[in-house]
$ cat entry_16.tsv   # TSV, C-alpha atoms
chain	number	residue	atom	x	y	z
A	1	MET	CA	0.00	0.00	0.00
A	2	THR	CA	1.31	3.45	-0.91
A	3	ARG	CA	1.92	6.10	1.71
A	4	SER	CA	-0.76	8.37	0.27
A	5	ALA	CA	-3.30	5.55	0.52
A	6	ASP	CA	-2.29	5.02	4.16
A	7	PHE	CA	-3.58	8.47	5.03
A	8	ASN	CA	-7.09	7.12	4.46
A	9	THR	CA	-6.80	4.28	6.99
A	10	ALA	CA	-7.33	4.46	10.74
A	11	ASP	CA	-4.08	2.56	11.34
A	12	PHE	CA	-2.17	5.59	10.08
A	13	TYR	CA	-3.41	7.61	13.08
A	14	ASP	CA	-2.52	4.99	15.66
A	15	TYR	CA	0.40	5.07	18.09
A	16	GLU	CA	1.37	3.35	21.32
A	17	LEU	CA	0.31	5.34	24.38
A	18	PRO	CA	1.65	3.88	27.64
A	19	ALA	CA	-0.57	4.42	30.68
A	20	SER	CA	2.36	6.11	32.40
A	21	ARG	CA	2.16	8.98	29.89
A	22	ILE	CA	-1.51	9.78	30.63
A	23	ALA	CA	-1.71	12.65	33.11
A	24	GLN	CA	-3.78	11.66	36.16
A	25	GLU	CA	-3.63	14.98	37.99
A	26	PRO	CA	-3.70	18.60	36.81
A	27	LEU	CA	-0.68	20.78	37.46
A	28	PRO	CA	-1.13	23.25	40.36
A	29	ASP	CA	-0.43	26.09	37.93
A	30	ARG	CA	-2.43	25.72	34.71
A	31	ALA	CA	0.04	27.78	32.65
A	32	ALA	CA	3.04	25.72	33.80
A	33	ALA	CA	2.24	23.01	31.24
A	34	ARG	CA	4.91	22.28	28.67
A	35	LEU	CA	4.32	23.44	25.11
A	36	LEU	CA	5.64	21.70	22.02
A	37	VAL	CA	5.80	24.36	19.28
A	38	LEU	CA	5.55	23.08	15.70
A	39	ASP	CA	6.48	25.39	12.84
A	40	ARG	CA	4.92	24.14	9.62
A	41	ALA	CA	6.95	26.47	7.41
A	42	SER	CA	10.36	25.38	8.70
A	43	GLN	CA	9.26	21.88	9.80
A	44	THR	CA	10.97	22.48	13.16
A	45	ILE	CA	9.97	21.71	16.75
A	46	ARG	CA	10.76	23.75	19.89
A	47	HIS	CA	10.19	22.93	23.56
A	48	MET	CA	8.59	25.78	25.50
A	49	ASN	CA	5.85	26.39	28.09
A	50	VAL	CA	2.25	27.57	27.86
A	51	GLY	CA	3.31	30.63	29.86
A	52	ASP	CA	5.49	31.63	26.87
A	53	LEU	CA	2.44	32.24	24.65
A	54	PRO	CA	2.60	36.06	25.03
A	55	ASP	CA	6.12	35.94	23.54
A	56	ILE	CA	5.18	33.48	20.77
A	57	LEU	CA	2.00	35.14	19.54
A	58	ALA	CA	2.01	38.59	17.98
A	59	PRO	CA	0.01	41.80	18.43
A	60	ASN	CA	-3.16	41.72	16.27
A	61	ASP	CA	-3.39	37.94	16.58
A	62	LEU	CA	-6.86	36.78	17.63
A	63	MET	CA	-7.18	33.93	20.09
A	64	VAL	CA	-10.54	32.12	19.77
A	65	VAL	CA	-11.62	30.06	22.79
A	66	ASN	CA	-14.53	27.72	23.41
A	67	ASP	CA	-16.61	29.11	26.30
A	68	SER	CA	-18.68	25.94	26.80
A	69	ARG	CA	-19.01	24.88	30.42
A	70	VAL	CA	-18.81	21.25	31.53
A	71	VAL	CA	-21.99	20.11	33.25
A	72	PRO	CA	-22.15	17.42	35.97
A	73	ALA	CA	-22.97	14.86	33.31
A	74	ARG	CA	-21.95	11.59	34.97
A	75	LEU	CA	-24.77	9.66	36.65
A	76	HIS	CA	-24.42	6.69	38.99
A	77	GLY	CA	-27.15	4.40	40.21
A	78	ARG	CA	-28.87	1.05	39.85
A	79	ARG	CA	-31.49	-0.76	37.82
A	80	ALA	CA	-34.73	-0.63	39.82
A	81	GLU	CA	-35.80	-4.18	38.94
A	82	THR	CA	-32.52	-6.10	39.28
A	83	GLU	CA	-30.62	-3.79	41.69
A	84	GLY	CA	-27.65	-4.10	39.31
A	85	ARG	CA	-25.16	-1.23	39.12
A	86	TRP	CA	-25.65	1.32	36.36
A	87	GLU	CA	-23.69	4.32	35.07
A	88	GLY	CA	-24.75	6.95	32.58
A	89	LEU	CA	-23.28	9.98	30.83
A	90	PHE	CA	-25.49	12.86	29.70
A	91	LEU	CA	-24.82	13.91	26.10
A	92	SER	CA	-27.67	16.21	25.11
A	93	GLU	CA	-31.28	17.19	25.61
A	94	VAL	CA	-33.72	16.14	22.88
A	95	VAL	CA	-37.44	16.42	22.23
A	96	GLY	CA	-39.18	13.08	21.79
A	97	PRO	CA	-41.81	12.32	19.12
A	98	ASP	CA	-44.56	13.04	21.66
A	99	GLY	CA	-43.00	16.37	22.64
A	100	ARG	CA	-41.51	15.09	25.89
A	101	ARG	CA	-38.14	16.48	27.04
A	102	LEU	CA	-35.70	13.57	27.01
A	103	LEU	CA	-32.04	13.10	27.86
A	104	ARG	CA	-29.65	11.35	25.49
A	105	LEU	CA	-27.32	9.18	27.57
A	106	LEU	CA	-24.52	6.71	27.18
A	107	SER	CA	-25.24	3.77	29.45
A	108	LYS	CA	-23.11	1.10	31.13
A	109	THR	CA	-24.42	-1.89	33.05
A	110	ARG	CA	-24.31	-5.67	33.14
A	111	GLY	CA	-27.03	-7.40	31.18
A	112	THR	CA	-29.39	-5.92	28.61
A	113	LEU	CA	-31.43	-2.79	29.21
A	114	ARG	CA	-35.04	-2.74	28.00
A	115	VAL	CA	-37.41	0.00	26.87
A	116	GLY	CA	-39.65	0.95	29.79
A	117	GLU	CA	-37.12	-0.08	32.42
A	118	ARG	CA	-36.57	2.30	35.33
A	119	LEU	CA	-33.23	3.40	36.73
A	120	VAL	CA	-32.46	5.03	40.08
A	121	VAL	CA	-29.77	7.72	40.31
A	122	VAL	CA	-27.95	7.76	43.66
A	123	SER	CA	-25.59	10.14	45.46
A	124	GLU	CA	-22.01	9.30	46.45
A	125	GLN	CA	-23.40	8.39	49.88
A	126	GLY	CA	-25.92	5.99	48.30
A	127	GLN	CA	-29.01	8.18	48.74
A	128	ASP	CA	-31.70	7.90	46.03
A	129	LEU	CA	-31.86	11.16	44.06
A	130	ALA	CA	-33.98	10.57	40.96
A	131	ALA	CA	-35.74	8.00	38.80
A	132	LEU	CA	-35.23	7.63	35.04
A	133	GLU	CA	-37.29	5.74	32.47
A	134	LEU	CA	-35.73	4.24	29.34
A	135	VAL	CA	-37.81	5.47	26.39
A	136	ALA	CA	-35.94	4.31	23.27
A	137	ARG	CA	-32.58	3.26	21.89
A	138	ASP	CA	-30.82	5.98	19.90
A	139	SER	CA	-27.89	6.08	17.49
A	140	GLY	CA	-24.35	5.18	18.50
A	141	GLY	CA	-25.43	2.87	21.31
A	142	THR	CA	-27.10	5.66	23.29
A	143	TRP	CA	-30.47	5.77	25.04
A	144	LEU	CA	-33.25	8.35	25.19
A	145	VAL	CA	-34.33	8.67	28.80
A	146	ASP	CA	-37.23	10.43	30.54
A	147	PRO	CA	-35.84	12.22	33.64
A	148	CYS	CA	-39.28	12.01	35.31
A	149	SER	CA	-38.76	15.54	36.58
A	150	GLN	CA	-40.16	19.00	35.87
A	151	GLU	CA	-36.75	20.58	36.57
A	152	ALA	CA	-34.80	22.25	33.76
A	153	THR	CA	-32.14	19.86	32.48
A	154	MET	CA	-29.17	21.82	33.85
A	155	GLN	CA	-30.87	22.18	37.23
A	156	PHE	CA	-31.58	18.43	37.25
A	157	LEU	CA	-27.97	17.55	36.40
A	158	SER	CA	-26.62	19.97	39.01
A	159	ARG	CA	-28.70	18.14	41.62
A	160	VAL	CA	-27.95	14.53	40.65
A	161	GLY	CA	-24.82	14.52	38.46
A	162	ARG	CA	-21.08	14.35	39.08
A	163	VAL	CA	-17.97	15.69	37.28
A	164	PRO	CA	-17.64	13.71	34.03
A	165	LEU	CA	-13.93	12.85	34.13
A	166	PRO	CA	-12.87	10.63	31.21
A	167	GLY	CA	-12.23	7.00	32.09
A	168	TYR	CA	-8.49	7.29	31.50
A	169	ILE	CA	-8.21	9.63	34.51
A	170	ARG	CA	-8.54	7.57	37.71
A	171	GLN	CA	-11.17	5.34	36.03
A	172	GLY	CA	-13.43	8.39	35.86
A	173	VAL	CA	-13.54	8.87	39.64
A	174	ALA	CA	-13.54	12.59	40.37
A	175	GLN	CA	-11.98	14.25	43.39
A	176	SER	CA	-12.96	17.56	44.97
A	177	ASN	CA	-10.36	19.61	43.06
A	178	ASP	CA	-11.65	18.28	39.70
A	179	VAL	CA	-14.80	20.39	40.08
A	180	GLU	CA	-12.70	23.53	39.47
A	181	ARG	CA	-9.80	22.13	37.44
A	182	TYR	CA	-11.84	20.22	34.84
A	183	GLN	CA	-13.28	23.55	33.72
A	184	THR	CA	-11.73	26.37	31.71
A	185	VAL	CA	-11.49	29.83	33.30
A	186	PHE	CA	-13.63	31.28	30.49
A	187	ALA	CA	-16.41	28.65	30.66
A	188	THR	CA	-19.80	30.41	30.80
A	189	GLN	CA	-22.20	28.42	28.60
A	190	PRO	CA	-23.27	25.10	30.21
A	191	GLY	CA	-23.66	22.06	27.98
A	192	SER	CA	-20.47	20.00	27.58
A	193	ALA	CA	-20.03	16.37	28.64
A	194	ALA	CA	-16.24	16.78	28.42
A	195	ALA	CA	-13.89	19.74	28.79
A	196	PRO	CA	-12.45	21.53	25.74
A	197	THR	CA	-9.06	20.60	27.12
A	198	ALA	CA	-6.75	23.04	25.30
A	199	GLY	CA	-8.47	25.81	27.24
A	200	LEU	CA	-7.60	24.21	30.59
A	201	HIS	CA	-4.10	25.75	30.38
A	202	PHE	CA	-5.20	29.38	30.74
A	203	THR	CA	-5.26	31.50	33.88
A	204	PRO	CA	-6.67	35.01	34.39
A	205	ALA	CA	-3.09	36.28	34.74
A	206	LEU	CA	-2.03	34.69	31.42
A	207	LEU	CA	-5.11	36.08	29.65
A	208	HIS	CA	-4.29	39.54	31.07
A	209	GLU	CA	-0.70	39.33	29.84
A	210	LEU	CA	-1.84	38.26	26.38
A	211	ALA	CA	-4.24	41.22	26.23
A	212	GLU	CA	-1.47	43.57	27.39
A	213	ARG	CA	0.62	42.39	24.42
A	214	GLY	CA	-2.17	43.30	21.98
A	215	ILE	CA	-3.41	39.74	21.45
A	216	LYS	CA	-7.21	39.80	21.23
A	217	LYS	CA	-9.69	37.17	22.38
A	218	ALA	CA	-13.04	36.05	21.01
A	219	GLU	CA	-15.41	33.22	21.95
A	220	VAL	CA	-17.26	30.43	20.21
A	221	THR	CA	-19.42	27.81	21.89
A	222	LEU	CA	-19.27	24.13	21.05
A	223	HIS	CA	-20.84	21.73	23.51
A	224	VAL	CA	-18.48	18.78	23.59
A	225	GLY	CA	-19.92	15.27	23.41
A	226	VAL	CA	-17.96	12.08	23.85
A	227	ASP	CA	-18.50	11.12	20.19
A	228	THR	CA	-15.61	13.48	19.39
A	229	PHE	CA	-13.25	11.24	21.34
A	230	ARG	CA	-14.54	7.86	20.16
A	231	PRO	CA	-11.84	5.74	18.51
A	232	ILE	CA	-12.32	5.23	14.79
A	233	SER	CA	-13.55	1.66	14.43
A	234	THR	CA	-13.69	1.54	10.63
A	235	HIS	CA	-10.75	0.66	8.38
A	236	LYS	CA	-11.18	3.74	6.18
A	237	ILE	CA	-11.37	7.02	8.09
A	238	GLU	CA	-14.07	8.39	5.77
A	239	ASP	CA	-16.39	5.53	6.80
A	240	HIS	CA	-16.39	6.73	10.43
A	241	GLU	CA	-19.67	8.41	11.41
A	242	MET	CA	-19.14	11.86	12.94
A	243	HIS	CA	-22.01	12.69	15.30
A	244	SER	CA	-23.37	16.22	15.63
A	245	GLU	CA	-22.52	18.70	18.37
A	246	TRP	CA	-24.12	22.09	18.94
A	247	CYS	CA	-22.01	25.14	18.18
A	248	THR	CA	-22.48	28.89	18.05
A	249	VAL	CA	-20.30	31.51	16.35
A	250	SER	CA	-21.60	34.99	17.09
A	251	GLU	CA	-21.63	38.01	14.79
A	252	GLU	CA	-19.21	39.67	17.22
A	253	THR	CA	-16.71	36.83	16.78
A	254	VAL	CA	-17.13	36.90	13.00
A	255	MET	CA	-16.35	40.64	13.02
A	256	ALA	CA	-13.25	40.01	15.15
A	257	VAL	CA	-12.07	37.33	12.69
A	258	CYS	CA	-12.61	39.59	9.69
A	259	GLU	CA	-10.84	42.50	11.38
A	260	THR	CA	-7.89	40.27	12.27
A	261	GLN	CA	-7.60	39.02	8.70
A	262	GLN	CA	-7.74	42.59	7.35
A	263	GLN	CA	-4.92	43.59	9.72
A	264	ARG	CA	-2.87	40.53	8.65
A	265	GLY	CA	-3.10	39.05	12.12
A	266	ARG	CA	-3.51	35.32	12.71
A	267	VAL	CA	-6.60	33.49	13.92
A	268	VAL	CA	-5.41	31.23	16.76
A	269	ALA	CA	-7.90	28.48	17.58
A	270	VAL	CA	-7.64	27.22	21.15
A	271	GLY	CA	-8.57	23.58	20.75
A	272	THR	CA	-10.07	21.40	18.05
A	273	THR	CA	-13.56	22.49	19.11
A	274	ALA	CA	-12.73	26.11	18.27
A	275	VAL	CA	-11.29	24.91	14.94
A	276	ARG	CA	-14.45	23.01	14.04
A	277	SER	CA	-16.71	25.89	15.11
A	278	LEU	CA	-14.85	28.49	13.05
A	279	GLU	CA	-14.54	26.26	10.01
A	280	THR	CA	-18.24	25.36	10.24
A	281	ALA	CA	-19.08	29.07	10.16
A	282	ALA	CA	-17.00	29.42	6.97
A	283	ARG	CA	-18.24	26.37	5.05
A	284	SER	CA	-19.96	28.55	2.45
A	285	GLY	CA	-16.63	30.20	1.67
A	286	VAL	CA	-17.52	33.30	3.69
A	287	THR	CA	-17.29	33.44	7.50
A	288	GLU	CA	-20.79	34.09	8.83
A	289	SER	CA	-22.46	33.87	12.21
A	290	TYR	CA	-23.79	30.39	12.91
A	291	ALA	CA	-25.88	28.58	15.48
A	292	GLY	CA	-26.78	24.94	15.01
A	293	ALA	CA	-25.47	21.42	14.81
A	294	THR	CA	-22.13	20.60	13.24
A	295	ASN	CA	-20.74	17.25	12.19
A	296	LEU	CA	-17.76	18.73	10.38
A	297	TYR	CA	-15.14	16.01	10.01
A	298	ILE	CA	-11.78	17.51	9.04
A	299	ARG	CA	-9.50	15.06	7.21
A	300	PRO	CA	-6.26	15.39	5.19
A	301	GLY	CA	-6.94	17.40	2.06
A	302	TYR	CA	-9.28	19.80	3.87
A	303	SER	CA	-8.71	23.47	2.99
A	304	PHE	CA	-8.73	25.60	6.16
A	305	ARG	CA	-10.57	28.88	5.57
A	306	VAL	CA	-10.21	30.61	8.94
A	307	VAL	CA	-7.70	29.01	11.32
A	308	ASP	CA	-4.02	29.98	10.99
A	309	VAL	CA	-2.64	28.64	14.29
A	310	MET	CA	-3.87	25.88	16.57
A	311	LEU	CA	-3.28	25.23	20.27
A	312	THR	CA	-4.19	21.65	21.17
A	313	ASN	CA	-3.48	18.90	23.67
A	314	PHE	CA	-2.02	15.48	22.84
A	315	HIS	CA	-4.84	13.20	21.73
A	316	MET	CA	-5.91	9.59	21.97
A	317	PRO	CA	-4.73	7.37	19.09
A	318	ARG	CA	-7.10	6.42	16.25
A	319	THR	CA	-9.47	9.35	16.87
A	320	THR	CA	-10.90	12.06	14.64
A	321	LEU	CA	-8.82	14.51	16.71
A	322	MET	CA	-5.61	12.85	15.50
A	323	VAL	CA	-6.96	13.05	11.95
A	324	LEU	CA	-7.78	16.76	12.39
A	325	VAL	CA	-4.37	17.81	13.73
A	326	SER	CA	-2.69	15.73	11.02
A	327	ALA	CA	-4.75	17.55	8.40
A	328	PHE	CA	-3.61	20.88	9.83
A	329	ALA	CA	0.08	20.20	10.51
A	330	GLY	CA	0.81	17.33	8.14
A	331	ARG	CA	1.02	13.74	9.32
A	332	ASP	CA	4.83	13.54	9.12
A	333	LEU	CA	5.30	16.56	11.41
A	334	ILE	CA	2.65	15.28	13.84
A	335	GLN	CA	4.29	11.86	13.89
A	336	GLN	CA	7.66	13.46	14.64
A	337	ALA	CA	6.13	15.69	17.32
A	338	TYR	CA	4.39	12.85	19.15
A	339	LYS	CA	7.60	10.79	19.06
A	340	GLU	CA	9.58	13.70	20.49
A	341	ALA	CA	6.93	14.39	23.14
A	342	MET	CA	7.00	10.75	24.21
A	343	GLU	CA	10.81	10.70	24.40
A	344	ASN	CA	10.86	13.93	26.44
A	345	GLY	CA	8.31	12.90	29.05
A	346	TYR	CA	5.39	15.08	28.01
A	347	ARG	CA	2.06	14.42	29.74
A	348	PHE	CA	-0.77	13.31	27.44
A	349	LEU	CA	-4.56	13.81	27.18
A	350	SER	CA	-6.93	16.03	29.18
A	351	TYR	CA	-4.71	17.03	32.13
A	352	GLY	CA	-1.55	16.86	30.04
A	353	ASP	CA	0.72	19.24	28.15
A	354	ALA	CA	-0.02	21.14	24.96
A	355	MET	CA	1.12	21.65	21.38
A	356	LEU	CA	1.10	24.88	19.37
A	357	ILE	CA	0.99	24.47	15.58
A	358	LEU	CA	2.19	27.60	13.77

$ encode --input "entry_16.tsv" --output "structure tokens"
Amino acid sequence: MTRSADFNTADFYDYELPASRIAQEPLPDRAAARLLVLDRASQTIRHMNVGDLPDILAPNDLMVVNDSRVVPARLHGRRAETEGRWEGLFLSEVVGPDGRRLLRLLSKTRGTLRVGERLVVVSEQGQDLAALELVARDSGGTWLVDPCSQEATMQFLSRVGRVPLPGYIRQGVAQSNDVERYQTVFATQPGSAAAPTAGLHFTPALLHELAERGIKKAEVTLHVGVDTFRPISTHKIEDHEMHSEWCTVSEETVMAVCETQQQRGRVVAVGTTAVRSLETAARSGVTESYAGATNLYIRPGYSFRVVDVMLTNFHMPRTTLMVLVSAFAGRDLIQQAYKEAMENGYRFLSYGDAMLIL
């Protein structure tokens, strides 16, 4: 098989990730994370720190962040009939065929769940908090569930849910400091089932220093679902189904992008979610405000219309995130960068270090 053909296979985006390289705890200082700087023009790699961003970026650059806020999306409980343990993860709110407000959940339990079955959500102390009714199976192995409550969804989750740490961090068991640390400092719009992790590296002090240097900031909102992080299970990457996530790009952000481009500044996307939001808003060829679902799947050969620079974490192998960063930086440079990061002890995934692609 030729190398160009390999780009179309999931195996090409695979690599060995030892458990010892997956960060289990956040750094005390968010901005102390290491930063691997990739220069696409010179094909070079530098080792720096996130705190160096004010020196790396330039006046008139525009940093675009995802202001989505992680909700307490993880649910723990039992099956009412069998008393068997059950876990769920909230993904989105949907309206059922009969107009009922339903929750779309990932579900984990022993045995086979059935339509009409009832689940009981419990607290960490084992107290019953809520009852759920399974209404229907949905796409991607998810369930539509009636929360059996008149509460607004976010109010309901705040009452019964827990921090949705990914399973590769302490088997998903959150600690008290995760409530604050698994959230970006600019998170204002609740709706994500997972953190937009590139944004976890910023502090108010770093944002102030960037602004003092003339580096502007704008926001998009993309509510992160776990489908983004699902491994690609198909042989050909184009056969992988990309599920939709809700995103919003305001007119104010569009104006900031256009002004930056006119002043020959760079649009710096903080995270793959910011990349997908901005590129969704520009799919017509013109960057316009947008609010709606996006299933944009960026693969090699994609022509980026908005994003000039990307800040991103180190991602799980065989995921659409690896495909996206490879499309932006080039697979050879990404392969070299990941090898160098591994050899130099970088910390991977959500609580890990970062990469800046110039």

$ residues_around --input "entry_16.tsv" --residues "stretch 26-31 of chain A" --least-positions-apart "4" --cutoff "7 Å" --atoms "all atoms listed in the file" --output "VMD selection string"
chain A and resid 50 to 51 200 to 203 351

$ closest_atom_pairs --input "entry_16.tsv" --of "stretch 176-288 of chain A" --to "stretch 150-172 of chain A" --cutoff "10 Å" --atoms "only C-alpha atoms" --output "CSV"
residue,atom,partner,partner_atom,distance
A:Ser176,CA,A:Val163,CA,9.4
A:Asp178,CA,A:Val163,CA,7.2
A:Val179,CA,A:Val163,CA,6.3
A:Glu180,CA,A:Val163,CA,9.7
A:Tyr182,CA,A:Leu165,CA,7.7
A:Gln183,CA,A:Val163,CA,9.8
A:Pro190,CA,A:Met154,CA,7.7
A:Gly191,CA,A:Met154,CA,8.1
A:Ser192,CA,A:Pro164,CA,9.4
A:Ala193,CA,A:Pro164,CA,6.5
A:Ala194,CA,A:Pro164,CA,6.5
A:Ala195,CA,A:Leu165,CA,8.7
A:Val226,CA,A:Pro166,CA,9.1
A:Phe229,CA,A:Pro166,CA,9.9

$ write_last_selection --input "entry_16.tsv" --atoms "C-alpha atoms" --output "tab-separated table (two decimals), in the coordinates of the input"
chain	number	residue	atom	x	y	z
A	176	SER	CA	-12.96	17.56	44.97
A	178	ASP	CA	-11.65	18.28	39.70
A	179	VAL	CA	-14.80	20.39	40.08
A	180	GLU	CA	-12.70	23.53	39.47
A	182	TYR	CA	-11.84	20.22	34.84
A	183	GLN	CA	-13.28	23.55	33.72
A	190	PRO	CA	-23.27	25.10	30.21
A	191	GLY	CA	-23.66	22.06	27.98
A	192	SER	CA	-20.47	20.00	27.58
A	193	ALA	CA	-20.03	16.37	28.64
A	194	ALA	CA	-16.24	16.78	28.42
A	195	ALA	CA	-13.89	19.74	28.79
A	226	VAL	CA	-17.96	12.08	23.85
A	229	PHE	CA	-13.25	11.24	21.34

$ residues_around --input "entry_16.tsv" --residues "A:His235" --least-positions-apart "3" --cutoff "9 Å" --atoms "only C-alpha atoms" --output "list in words"
Asn8, Thr9, Ala10, Asp11, Ile232, Glu238, Asp239 and His240 of chain A

$ closest_atom_pairs --input "entry_16.tsv" --of "stretch 198-307 of chain A" --to "stretch 87-104 of chain A" --cutoff "12 Å" --atoms "only C-alpha atoms" --output "Markdown table"
| residue | atom | partner | partner_atom | distance |
| --- | --- | --- | --- | --- |
| A:His223 | CA | A:Ser92 | CA | 8.9 |
| A:Val224 | CA | A:Leu91 | CA | 8.4 |
| A:Gly225 | CA | A:Leu91 | CA | 5.8 |
| A:Val226 | CA | A:Leu91 | CA | 7.4 |
| A:Asp227 | CA | A:Leu91 | CA | 9.1 |
| A:Thr228 | CA | A:Leu91 | CA | 11.4 |
| A:His243 | CA | A:Leu91 | CA | 11.2 |
| A:Ser244 | CA | A:Ser92 | CA | 10.4 |
| A:Glu245 | CA | A:Ser92 | CA | 8.8 |
| A:Trp246 | CA | A:Ser92 | CA | 9.2 |
| A:Ala293 | CA | A:Ser92 | CA | 11.8 |

$ closest_residue --input "entry_16.tsv" --among "A:Leu53, A:Ile237, A:Leu349, A:Leu38" --to "A:Phe328" --atoms "only C-alpha atoms"
A:Leu38

$ residues_around --input "entry_16.tsv" --residues "A:Asn313" --least-positions-apart "2" --cutoff "12 Å" --atoms "only C-alpha atoms" --output "ChimeraX atom specification"
/A:22-23,33-37,50,195-201,270-273,310-311,315-316,321-322,325,337-338,341,346-357

$ atom_distance --input "entry_16.tsv" --atom1 "atom CA of A:Gly116" --atom2 "atom CA of A:Ala73"
22.0 Å

$ residues_around --input "entry_16.tsv" --residues "stretch 130-137 of chain A" --least-positions-apart "4" --cutoff "6 Å" --atoms "all atoms listed in the file" --output "PyMOL selection string"
chain A and resi 115-121+143-148

$ write_last_selection --input "entry_16.tsv" --atoms "C-alpha atoms" --output "short mmCIF file (atom, residue, chain, number, x, y, z; two decimals), in the coordinates of the input"
data_model
loop_
_atom_site.label_atom_id
_atom_site.label_comp_id
_atom_site.auth_asym_id
_atom_site.auth_seq_id
_atom_site.Cartn_x
_atom_site.Cartn_y
_atom_site.Cartn_z
CA VAL A 115 -37.41 0.00 26.87
CA GLY A 116 -39.65 0.95 29.79
CA GLU A 117 -37.12 -0.08 32.42
CA ARG A 118 -36.57 2.30 35.33
CA LEU A 119 -33.23 3.40 36.73
CA VAL A 120 -32.46 5.03 40.08
CA VAL A 121 -29.77 7.72 40.31
CA TRP A 143 -30.47 5.77 25.04
CA LEU A 144 -33.25 8.35 25.19
CA VAL A 145 -34.33 8.67 28.80
CA ASP A 146 -37.23 10.43 30.54
CA PRO A 147 -35.84 12.22 33.64
CA CYS A 148 -39.28 12.01 35.31
#

$ atom_distance --input "entry_16.tsv" --atom1 "atom CA of A:Ser107" --atom2 "atom CA of A:Thr319"
20.9 Å

$ closest_residue --input "entry_16.tsv" --among "A:Arg21, A:Arg283, A:Lys217, A:Arg46" --to "A:Gln336" --atoms "only C-alpha atoms"
A:Arg46

$ atom_distance --input "entry_16.tsv" --atom1 "atom CA of A:Leu129" --atom2 "atom CA of A:Ala187"
26.9 Å

$ closest_residue --input "entry_16.tsv" --among "A:Val249, A:Ala32, A:Val309, A:Val323" --to "A:Asp52" --atoms "all atoms listed in the file"
A:Ala32

$ closest_atom_pairs --input "entry_16.tsv" --of "stretch 51-141 of chain A" --to "stretch 250-266 of chain A" --cutoff "10 Å" --atoms "only C-alpha atoms" --output "JSON lines"
{"residue": "A:Leu57", "atom": "CA", "partner": "A:Arg266", "partner_atom": "CA", "distance": 8.8}
{"residue": "A:Ala58", "atom": "CA", "partner": "A:Gly265", "partner_atom": "CA", "distance": 7.8}
{"residue": "A:Pro59", "atom": "CA", "partner": "A:Gly265", "partner_atom": "CA", "distance": 7.6}
{"residue": "A:Asn60", "atom": "CA", "partner": "A:Gly265", "partner_atom": "CA", "distance": 4.9}
{"residue": "A:Asp61", "atom": "CA", "partner": "A:Gly265", "partner_atom": "CA", "distance": 4.6}
{"residue": "A:Leu62", "atom": "CA", "partner": "A:Arg266", "partner_atom": "CA", "distance": 6.1}
{"residue": "A:Met63", "atom": "CA", "partner": "A:Arg266", "partner_atom": "CA", "distance": 8.4}
{"residue": "A:Val64", "atom": "CA", "partner": "A:Thr253", "partner_atom": "CA", "distance": 8.3}

$ closest_residue --input "entry_16.tsv" --among "A:Ala291, A:Val173, A:Leu296, A:Val268" --to "A:Ile215" --atoms "all atoms listed in the file"
A:Val268

$ closest_residue --input "entry_16.tsv" --among "A:Glu219, A:Pro204, A:Leu105, A:Tyr13" --to "A:Pro231" --atoms "all atoms listed in the file"
A:Tyr13

$ closest_residue --input "entry_16.tsv" --among "A:Met242, A:Val267, A:Val220, A:Ala19" --to "A:Arg299" --atoms "all atoms listed in the file"
A:Met242

$ residues_near_point --input "entry_16.tsv" --point "(-8.1, 20.6, 8.8)" --cutoff "7 Å" --atoms "all atoms listed in the file" --output "compact mmCIF listing (two decimals) with C-alpha atoms, in the coordinates of the input"
# COMPACT_ATOMS: atom_id res chain seq x y z
CA ILE A 298 -11.78 17.51 9.04
CA ARG A 299 -9.50 15.06 7.21
CA PRO A 300 -6.26 15.39 5.19
CA TYR A 302 -9.28 19.80 3.87
CA SER A 303 -8.71 23.47 2.99
CA PHE A 304 -8.73 25.60 6.16
CA LEU A 324 -7.78 16.76 12.39
CA VAL A 325 -4.37 17.81 13.73
CA ALA A 327 -4.75 17.55 8.40
CA PHE A 328 -3.61 20.88 9.83

$ residues_near_point --input "entry_16.tsv" --point "(-25.4, -3.4, 42.3)" --cutoff "12 Å" --atoms "all atoms listed in the file" --output "list in words"
His76, Gly77, Arg78, Arg79, Ala80, Glu81, Thr82, Glu83, Gly84, Arg85, Trp86, Glu87, Thr109, Arg110, Gly111, Leu119, Val120, Val122 and Gly126 of chain A
